[in-house]
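This is run.cif. It holds mmCIF, C-alpha atoms; chains and numbers go by the auth columns.
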data_start
loop_
_atom_site.group_PDB
_atom_site.id
_atom_site.type_symbol
_atom_site.label_atom_id
_atom_site.label_comp_id
_atom_site.label_asym_id
_atom_site.label_seq_id
_atom_site.Cartn_x
_atom_site.Cartn_y
_atom_site.Cartn_z
_atom_site.B_iso_or_equiv
_atom_site.auth_seq_id
_atom_site.auth_asym_id
ATOM 1 C CA MET A 1 150.053 175.334 56.743 0.00 1 A
ATOM 2 C CA PHE A 2 146.266 174.928 56.764 0.00 2 A
ATOM 3 C CA GLU A 3 146.643 171.260 57.741 0.00 3 A
ATOM 4 C CA LEU A 4 148.963 172.239 60.574 0.00 4 A
ATOM 5 C CA ILE A 5 146.386 174.665 62.012 0.00 5 A
ATOM 6 C CA ILE A 6 143.708 171.933 61.922 0.00 6 A
ATOM 7 C CA ILE A 7 146.048 169.471 63.640 0.00 7 A
ATOM 8 C CA ILE A 8 146.890 171.958 66.386 0.00 8 A
ATOM 9 C CA LEU A 9 143.188 172.696 66.955 0.00 9 A
ATOM 10 C CA LEU A 10 142.444 168.949 67.185 0.00 10 A
ATOM 11 C CA ILE A 11 145.254 168.398 69.678 0.00 11 A
ATOM 12 C CA ILE A 12 144.125 171.327 71.831 0.00 12 A
ATOM 13 C CA THR A 13 140.530 170.020 71.796 0.00 13 A
ATOM 14 C CA THR A 14 141.645 166.527 72.802 0.00 14 A
ATOM 15 C CA LEU A 15 143.908 167.602 75.642 0.00 15 A
ATOM 16 C CA VAL A 16 141.534 170.239 77.031 0.00 16 A
ATOM 17 C CA ALA A 17 138.643 167.747 77.008 0.00 17 A
ATOM 18 C CA SER A 18 140.859 165.178 78.775 0.00 18 A
ATOM 19 C CA VAL A 19 141.866 167.622 81.505 0.00 19 A
ATOM 20 C CA LEU A 20 138.334 168.992 81.925 0.00 20 A
ATOM 21 C CA ALA A 21 136.963 165.448 82.259 0.00 21 A
ATOM 22 C CA LEU A 22 139.058 164.923 85.386 0.00 22 A
ATOM 23 C CA VAL A 23 138.043 168.088 87.264 0.00 23 A
ATOM 24 C CA GLN A 24 134.251 167.786 87.013 0.00 24 A
ATOM 25 C CA THR A 25 132.083 167.041 90.033 0.00 25 A
ATOM 26 C CA ASP A 26 129.191 165.697 87.917 0.00 26 A
ATOM 27 C CA LEU A 27 130.220 162.239 86.717 0.00 27 A
ATOM 28 C CA LEU A 28 127.901 162.344 83.677 0.00 28 A
ATOM 29 C CA LYS A 29 129.951 165.269 82.353 0.00 29 A
ATOM 30 C CA VAL A 30 133.032 163.065 82.779 0.00 30 A
ATOM 31 C CA ALA A 31 131.446 160.511 80.432 0.00 31 A
ATOM 32 C CA ILE A 32 130.582 163.107 77.763 0.00 32 A
ATOM 33 C CA LEU A 33 134.007 164.793 77.861 0.00 33 A
ATOM 34 C CA THR A 34 135.690 161.382 77.542 0.00 34 A
ATOM 35 C CA GLY A 35 133.676 160.902 74.341 0.00 35 A
ATOM 36 C CA VAL A 36 134.841 164.282 73.008 0.00 36 A
ATOM 37 C CA SER A 37 138.456 163.300 73.673 0.00 37 A
ATOM 38 C CA GLY A 38 137.960 159.947 71.901 0.00 38 A
ATOM 39 C CA VAL A 39 136.530 161.612 68.783 0.00 39 A
ATOM 40 C CA GLY A 40 139.476 164.032 68.691 0.00 40 A
ATOM 41 C CA ILE A 41 141.878 161.097 68.781 0.00 41 A
ATOM 42 C CA ALA A 42 139.895 159.465 65.958 0.00 42 A
ATOM 43 C CA PHE A 43 140.419 162.534 63.730 0.00 43 A
ATOM 44 C CA LEU A 44 144.102 162.464 64.630 0.00 44 A
ATOM 45 C CA TYR A 45 144.317 158.804 63.470 0.00 45 A
ATOM 46 C CA GLN A 46 142.805 159.839 60.133 0.00 46 A
ATOM 47 C CA ILE A 47 145.507 162.489 59.722 0.00 47 A
ATOM 48 C CA LEU A 48 148.174 159.919 60.650 0.00 48 A
ATOM 49 C CA LEU A 49 147.179 157.750 57.604 0.00 49 A
ATOM 50 C CA ALA A 50 145.283 155.062 59.551 0.00 50 A
ATOM 51 C CA PRO A 51 141.634 155.264 58.395 0.00 51 A
ATOM 52 C CA ASP A 52 140.629 151.788 59.616 0.00 52 A
ATOM 53 C CA VAL A 53 141.847 152.573 63.131 0.00 53 A
ATOM 54 C CA ALA A 54 140.067 155.930 62.915 0.00 54 A
ATOM 55 C CA LEU A 55 136.753 154.193 62.146 0.00 55 A
ATOM 56 C CA THR A 56 137.118 151.811 65.091 0.00 56 A
ATOM 57 C CA GLN A 57 138.214 154.563 67.463 0.00 57 A
ATOM 58 C CA ALA A 58 135.319 156.801 66.395 0.00 58 A
ATOM 59 C CA ILE A 59 132.810 154.061 67.231 0.00 59 A
ATOM 60 C CA VAL A 60 134.462 152.723 70.385 0.00 60 A
ATOM 61 C CA GLY A 61 135.826 155.958 71.839 0.00 61 A
ATOM 62 C CA GLY A 62 132.982 158.184 70.767 0.00 62 A
ATOM 63 C CA ALA A 63 129.962 156.011 71.524 0.00 63 A
ATOM 64 C CA ILE A 64 130.642 152.789 73.400 0.00 64 A
ATOM 65 C CA ILE A 65 132.926 154.045 76.196 0.00 65 A
ATOM 66 C CA PRO A 66 130.665 157.021 77.123 0.00 66 A
ATOM 67 C CA VAL A 67 127.655 154.687 77.181 0.00 67 A
ATOM 68 C CA PHE A 68 129.511 152.270 79.495 0.00 68 A
ATOM 69 C CA LEU A 69 130.491 155.147 81.780 0.00 69 A
ATOM 70 C CA ALA A 70 126.952 156.545 81.792 0.00 70 A
ATOM 71 C CA LEU A 71 125.512 153.117 82.678 0.00 71 A
ATOM 72 C CA ALA A 72 128.019 152.755 85.533 0.00 72 A
ATOM 73 C CA VAL A 73 127.164 156.250 86.797 0.00 73 A
ATOM 74 C CA LYS A 74 123.442 155.410 86.644 0.00 74 A
ATOM 75 C CA LYS A 75 123.977 152.267 88.722 0.00 75 A
ATOM 76 C CA THR A 76 126.109 154.109 91.302 0.00 76 A
ATOM 77 C CA LYS A 77 126.232 157.732 92.431 0.00 77 A
ATOM 78 C CA ARG A 78 126.146 160.715 90.077 0.00 78 A
ATOM 79 C CA VAL A 79 127.797 163.425 92.174 0.00 79 A
ATOM 80 C CA ASP A 80 131.454 163.139 93.192 0.00 80 A
ATOM 81 C CA ASP A 81 131.429 164.543 96.741 0.00 81 A
ATOM 82 C CA GLU A 82 134.940 164.287 98.135 0.00 82 A
ATOM 83 C CA MET B 1 158.475 169.694 56.601 0.00 1 B
ATOM 84 C CA ILE B 2 154.805 169.586 57.573 0.00 2 B
ATOM 85 C CA GLY B 3 154.884 165.786 57.837 0.00 3 B
ATOM 86 C CA VAL B 4 157.699 165.841 60.385 0.00 4 B
ATOM 87 C CA ASP B 5 155.817 168.437 62.360 0.00 5 B
ATOM 88 C CA THR B 6 152.672 166.290 62.258 0.00 6 B
ATOM 89 C CA GLN B 7 154.480 163.262 63.647 0.00 7 B
ATOM 90 C CA LEU B 8 156.192 165.309 66.357 0.00 8 B
ATOM 91 C CA LEU B 9 152.934 166.953 67.431 0.00 9 B
ATOM 92 C CA ALA B 10 151.148 163.609 67.586 0.00 10 B
ATOM 93 C CA LEU B 11 153.982 162.120 69.655 0.00 11 B
ATOM 94 C CA LEU B 12 153.766 165.044 72.083 0.00 12 B
ATOM 95 C CA THR B 13 149.992 164.511 72.314 0.00 13 B
ATOM 96 C CA ALA B 14 150.539 160.844 73.141 0.00 14 B
ATOM 97 C CA GLY B 15 152.995 161.790 75.896 0.00 15 B
ATOM 98 C CA ALA B 16 150.619 164.383 77.320 0.00 16 B
ATOM 99 C CA LEU B 17 147.745 161.875 77.354 0.00 17 B
ATOM 100 C CA ILE B 18 149.879 159.304 79.184 0.00 18 B
ATOM 101 C CA ILE B 19 150.932 161.919 81.761 0.00 19 B
ATOM 102 C CA ILE B 20 147.327 163.088 82.307 0.00 20 B
ATOM 103 C CA GLY B 21 146.188 159.480 82.699 0.00 21 B
ATOM 104 C CA LEU B 22 148.946 158.646 85.192 0.00 22 B
ATOM 105 C CA PHE B 23 148.086 161.755 87.222 0.00 23 B
ATOM 106 C CA ALA B 24 144.415 160.737 87.308 0.00 24 B
ATOM 107 C CA ALA B 25 145.057 157.073 88.121 0.00 25 B
ATOM 108 C CA ILE B 26 147.431 157.882 91.007 0.00 26 B
ATOM 109 C CA LEU B 27 146.164 161.088 92.601 0.00 27 B
ATOM 110 C CA ILE B 28 142.382 161.298 92.100 0.00 28 B
ATOM 111 C CA ASP B 29 140.198 159.750 94.799 0.00 29 B
ATOM 112 C CA ASN B 30 137.097 158.795 92.811 0.00 30 B
ATOM 113 C CA LEU B 31 137.027 155.279 91.302 0.00 31 B
ATOM 114 C CA ILE B 32 135.234 156.273 88.066 0.00 32 B
ATOM 115 C CA LYS B 33 137.791 159.019 87.401 0.00 33 B
ATOM 116 C CA LYS B 34 140.644 156.596 88.110 0.00 34 B
ATOM 117 C CA ILE B 35 139.191 154.230 85.480 0.00 35 B
ATOM 118 C CA VAL B 36 138.858 157.103 82.985 0.00 36 B
ATOM 119 C CA GLY B 37 142.529 157.902 83.617 0.00 37 B
ATOM 120 C CA LEU B 38 143.522 154.327 82.821 0.00 38 B
ATOM 121 C CA SER B 39 141.549 154.570 79.573 0.00 39 B
ATOM 122 C CA PHE B 40 143.480 157.771 78.737 0.00 40 B
ATOM 123 C CA ILE B 41 146.757 155.877 79.224 0.00 41 B
ATOM 124 C CA GLU B 42 145.567 153.220 76.778 0.00 42 B
ATOM 125 C CA GLU B 43 144.613 155.843 74.203 0.00 43 B
ATOM 126 C CA GLY B 44 147.994 157.538 74.567 0.00 44 B
ATOM 127 C CA VAL B 45 149.871 154.301 74.013 0.00 45 B
ATOM 128 C CA ASN B 46 147.745 153.490 70.947 0.00 46 B
ATOM 129 C CA LEU B 47 148.458 156.931 69.500 0.00 47 B
ATOM 130 C CA PHE B 48 152.186 156.464 70.126 0.00 48 B
ATOM 131 C CA ILE B 49 152.235 153.143 68.250 0.00 49 B
ATOM 132 C CA ILE B 50 150.309 154.614 65.305 0.00 50 B
ATOM 133 C CA CYS B 51 152.785 157.524 65.190 0.00 51 B
ATOM 134 C CA LEU B 52 155.671 155.087 64.743 0.00 52 B
ATOM 135 C CA GLY B 53 154.122 153.798 61.502 0.00 53 B
ATOM 136 C CA TYR B 54 153.517 157.232 60.002 0.00 54 B
ATOM 137 C CA LYS B 55 155.378 158.173 56.830 0.00 55 B
ATOM 138 C CA GLU B 56 155.955 161.788 55.886 0.00 56 B
ATOM 139 C CA GLY B 57 154.014 162.728 52.769 0.00 57 B
ATOM 140 C CA GLY B 58 152.847 159.133 52.336 0.00 58 B
ATOM 141 C CA VAL B 59 149.570 157.553 51.312 0.00 59 B
ATOM 142 C CA VAL B 60 147.061 155.348 53.115 0.00 60 B
ATOM 143 C CA PRO B 61 148.190 151.671 52.979 0.00 61 B
ATOM 144 C CA ILE B 62 145.489 150.520 50.531 0.00 62 B
ATOM 145 C CA PHE B 63 146.724 149.107 47.237 0.00 63 B
ATOM 146 C CA LEU B 64 144.537 150.438 44.425 0.00 64 B
ATOM 147 C CA PRO B 65 144.623 149.395 40.746 0.00 65 B
ATOM 148 C CA GLY B 66 146.985 151.509 38.683 0.00 66 B
ATOM 149 C CA MET B 67 149.605 151.894 41.418 0.00 67 B
ATOM 150 C CA ASP B 68 153.185 150.809 40.856 0.00 68 B
ATOM 151 C CA SER B 69 154.134 148.282 43.539 0.00 69 B
ATOM 152 C CA ASN B 70 157.615 149.720 44.105 0.00 70 B
ATOM 153 C CA TRP B 71 156.205 153.221 44.456 0.00 71 B
ATOM 154 C CA PHE B 72 153.558 151.909 46.868 0.00 72 B
ATOM 155 C CA ALA B 73 156.145 150.119 48.996 0.00 73 B
ATOM 156 C CA LEU B 74 158.176 153.318 49.227 0.00 74 B
ATOM 157 C CA ASN B 75 155.337 155.740 49.936 0.00 75 B
ATOM 158 C CA SER B 76 152.677 153.952 51.989 0.00 76 B
ATOM 159 C CA ALA B 77 152.432 154.158 55.757 0.00 77 B
ATOM 160 C CA TYR B 78 153.537 151.065 57.678 0.00 78 B
ATOM 161 C CA PRO B 79 150.403 148.907 58.145 0.00 79 B
ATOM 162 C CA LEU B 80 151.498 146.468 60.882 0.00 80 B
ATOM 163 C CA PRO B 81 151.037 148.859 63.887 0.00 81 B
ATOM 164 C CA GLN B 82 147.621 149.775 62.550 0.00 82 B
ATOM 165 C CA ALA B 83 146.532 146.132 62.518 0.00 83 B
ATOM 166 C CA LEU B 84 147.787 145.675 66.086 0.00 84 B
ATOM 167 C CA VAL B 85 146.191 148.878 67.422 0.00 85 B
ATOM 168 C CA LEU B 86 142.872 147.900 65.835 0.00 86 B
ATOM 169 C CA THR B 87 142.824 144.893 68.181 0.00 87 B
ATOM 170 C CA SER B 88 144.122 146.900 71.119 0.00 88 B
ATOM 171 C CA ILE B 89 141.292 149.464 70.968 0.00 89 B
ATOM 172 C CA VAL B 90 138.628 146.773 71.245 0.00 90 B
ATOM 173 C CA ILE B 91 140.497 145.036 74.067 0.00 91 B
ATOM 174 C CA GLY B 92 140.737 148.395 75.843 0.00 92 B
ATOM 175 C CA ALA B 93 136.977 148.884 75.659 0.00 93 B
ATOM 176 C CA SER B 94 136.281 145.428 77.112 0.00 94 B
ATOM 177 C CA THR B 95 138.863 145.974 79.897 0.00 95 B
ATOM 178 C CA LEU B 96 137.129 149.245 80.760 0.00 96 B
ATOM 179 C CA ALA B 97 133.814 147.396 80.966 0.00 97 B
ATOM 180 C CA VAL B 98 135.306 144.876 83.417 0.00 98 B
ATOM 181 C CA MET B 99 136.799 147.653 85.559 0.00 99 B
ATOM 182 C CA LEU B 100 133.466 149.500 85.672 0.00 100 B
ATOM 183 C CA ALA B 101 131.679 146.292 86.678 0.00 101 B
ATOM 184 C CA LEU B 102 134.132 145.809 89.561 0.00 102 B
ATOM 185 C CA ALA B 103 133.587 149.446 90.616 0.00 103 B
ATOM 186 C CA MET B 104 129.827 148.822 90.663 0.00 104 B
ATOM 187 C CA VAL B 105 130.338 145.746 92.847 0.00 105 B
ATOM 188 C CA LEU B 106 132.490 147.817 95.240 0.00 106 B
ATOM 189 C CA TYR B 107 129.795 150.510 95.388 0.00 107 B
ATOM 190 C CA LYS B 108 127.154 147.915 96.196 0.00 108 B
ATOM 191 C CA LYS B 109 129.307 146.492 98.999 0.00 109 B
ATOM 192 C CA TYR B 110 130.651 149.692 100.614 0.00 110 B
ATOM 193 C CA GLY B 111 128.138 152.366 99.540 0.00 111 B
ATOM 194 C CA SER B 112 130.785 154.772 98.267 0.00 112 B
ATOM 195 C CA LEU B 113 133.022 155.328 95.243 0.00 113 B
ATOM 196 C CA SER B 114 135.805 157.040 97.204 0.00 114 B
ATOM 197 C CA THR B 115 138.886 154.852 97.523 0.00 115 B
ATOM 198 C CA SER B 116 139.962 156.372 100.854 0.00 116 B
ATOM 199 C CA LYS B 117 136.539 155.644 102.350 0.00 117 B
ATOM 200 C CA ILE B 118 136.678 152.053 101.065 0.00 118 B
ATOM 201 C CA LEU B 119 140.155 151.570 102.569 0.00 119 B
ATOM 202 C CA ASN B 120 139.097 153.050 105.940 0.00 120 B
ATOM 203 C CA HIS B 121 136.033 150.831 105.960 0.00 121 B
ATOM 204 C CA LYS B 122 138.174 147.740 105.424 0.00 122 B
ATOM 205 C CA THR B 123 140.594 148.657 108.253 0.00 123 B
ATOM 206 C CA ASP B 124 137.674 149.360 110.595 0.00 124 B
ATOM 207 C CA MET B 125 136.263 145.919 109.878 0.00 125 B
ATOM 208 C CA GLY B 126 139.685 144.438 110.618 0.00 126 B
ATOM 209 C CA ASP B 127 139.880 146.196 113.974 0.00 127 B
ATOM 210 C CA GLU B 128 136.456 144.902 114.969 0.00 128 B
ATOM 211 C CA GLU B 129 137.579 141.390 114.332 0.00 129 B
#
I need this file expressed as structure tokens, please.
Amino acid sequence: MFELIIIILLIITTLVASVLALVQTDLLKVAILTGVSGVGIAFLYQILLAPDVALTQAIVGGAIIPVFLALAVKKTKRVDDE
Amino acid sequence: MIGVDTQLLALLTAGALIIIGLFAAILIDNLIKKIVGLSFIEEGVNLFIICLGYKEGGVVPIFLPGMDSNWFALNSAYPLPQALVLTSIVIGASTLAVMLALAMVLYKKYGSLSTSKILNHKTDMGDEE
């Protein structure tokens, strides 16, 4: 029961961060919320009995992809004006 | 009971991530957000493949001394999807880097990240010719 509550909290965190990342006007916030979603998926891999995949996803999804996005935002424009 | 629920919840999460990513990649105008949506689709597909190898009430597929091999074969999670997804995550990161580099080249050429502005700019150039 306790595990189930943790899993539901993780899933809510992941999906809410994913949706919030797509409605921001500041593109740097998009990068940070993408990292939050990646770390949530990494915890979910650990629960699904795949610890090696969880390690890789925690590094790639939590650090490398936000850094790539932040570098691209720095080279282009930060504000998304429609 | 809890294991079945875990697998079902993770499968629903994978489906929701794929739907969110498709929505972003089709309907949102900004190029960076489109690329983030494509990365969400990749993460959803990876999660789906990992879910297929999950075993209810099982153990991590690492063979430790003292384990019976028959018991391990019956109770461990299936390790082949994990080995494949491990490669797929890294390939996804490098694909994202290539897409972001192309978006930066487009910004340098057209001065905007909006896809509708880039398309209008191209048709205007065509009319001038």
Inset, instruction - Do a neighbour search on Lys29 of chain A at 10 Å with all atoms listed in the file, toss out local chain neighbours closer than 5 positions, and write the hits as a PyMOL selection string. - result: chain A and resi 20-24+34-35+66+70+78
Inset, instruction - Excluding segment 3-17 of chain A and any residue of its chain fewer than 5 positions from it, enumerate the residues within 10 Å of it, using all atoms listed in the file, and give them as number ranges by chain. - result: A: 22, 30, 32-44, 47; B: 2-3, 5-6, 9-10, 12-14, 16-17, 20
Legend entry - Spatial neighbours of segment 113-115 of chain B, 10 Å, all atoms listed in the file, chain gap at least 5 places, as a PyMOL selection string: (chain A and resi 76-77+80-82) or (chain B and resi 28-34+103-104+106-108+120-121)
Inset, instruction - Could you list the residues chosen by the PyMOL selection byres ((chain B) within 7 of (chain A)) in this structure as a ChimeraX atom specification? - result: /B:13,33,51,54,59-60,77,82,86,89,93,97,100,104,107
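Atom CA of Gln7 of chain B to atom CA of Trp71 of chain B spans 21.7 Å [interatomic distance, one decimal].
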Padding of 3 Å on every side, edges along x, y and z, all listed atoms of segment 78-94 of chain B included: what centre and edge lengths in Å, to one decimal, does that box have, as lines of an AutoDock Vina configuration file?
center_x = 144.9
center_y = 148.0
center_z = 67.4
size_x = 23.3
size_y = 12.2
size_z = 25.4
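One finds atom CA of Thr95 of chain B at 17.3 Å from atom CA of Ile18 of chain B.
Of the residues listed (B:Leu96, B:Leu119, B:Leu84, B:Ile19), B:Ile19 shows the shortest atom-to-atom separation from Ile41 of chain B; distances use only C-alpha atoms.
Across the model, the gap from atom CA of Ile49 of chain B to atom CA of Val85 of chain B is 7.4 Å.
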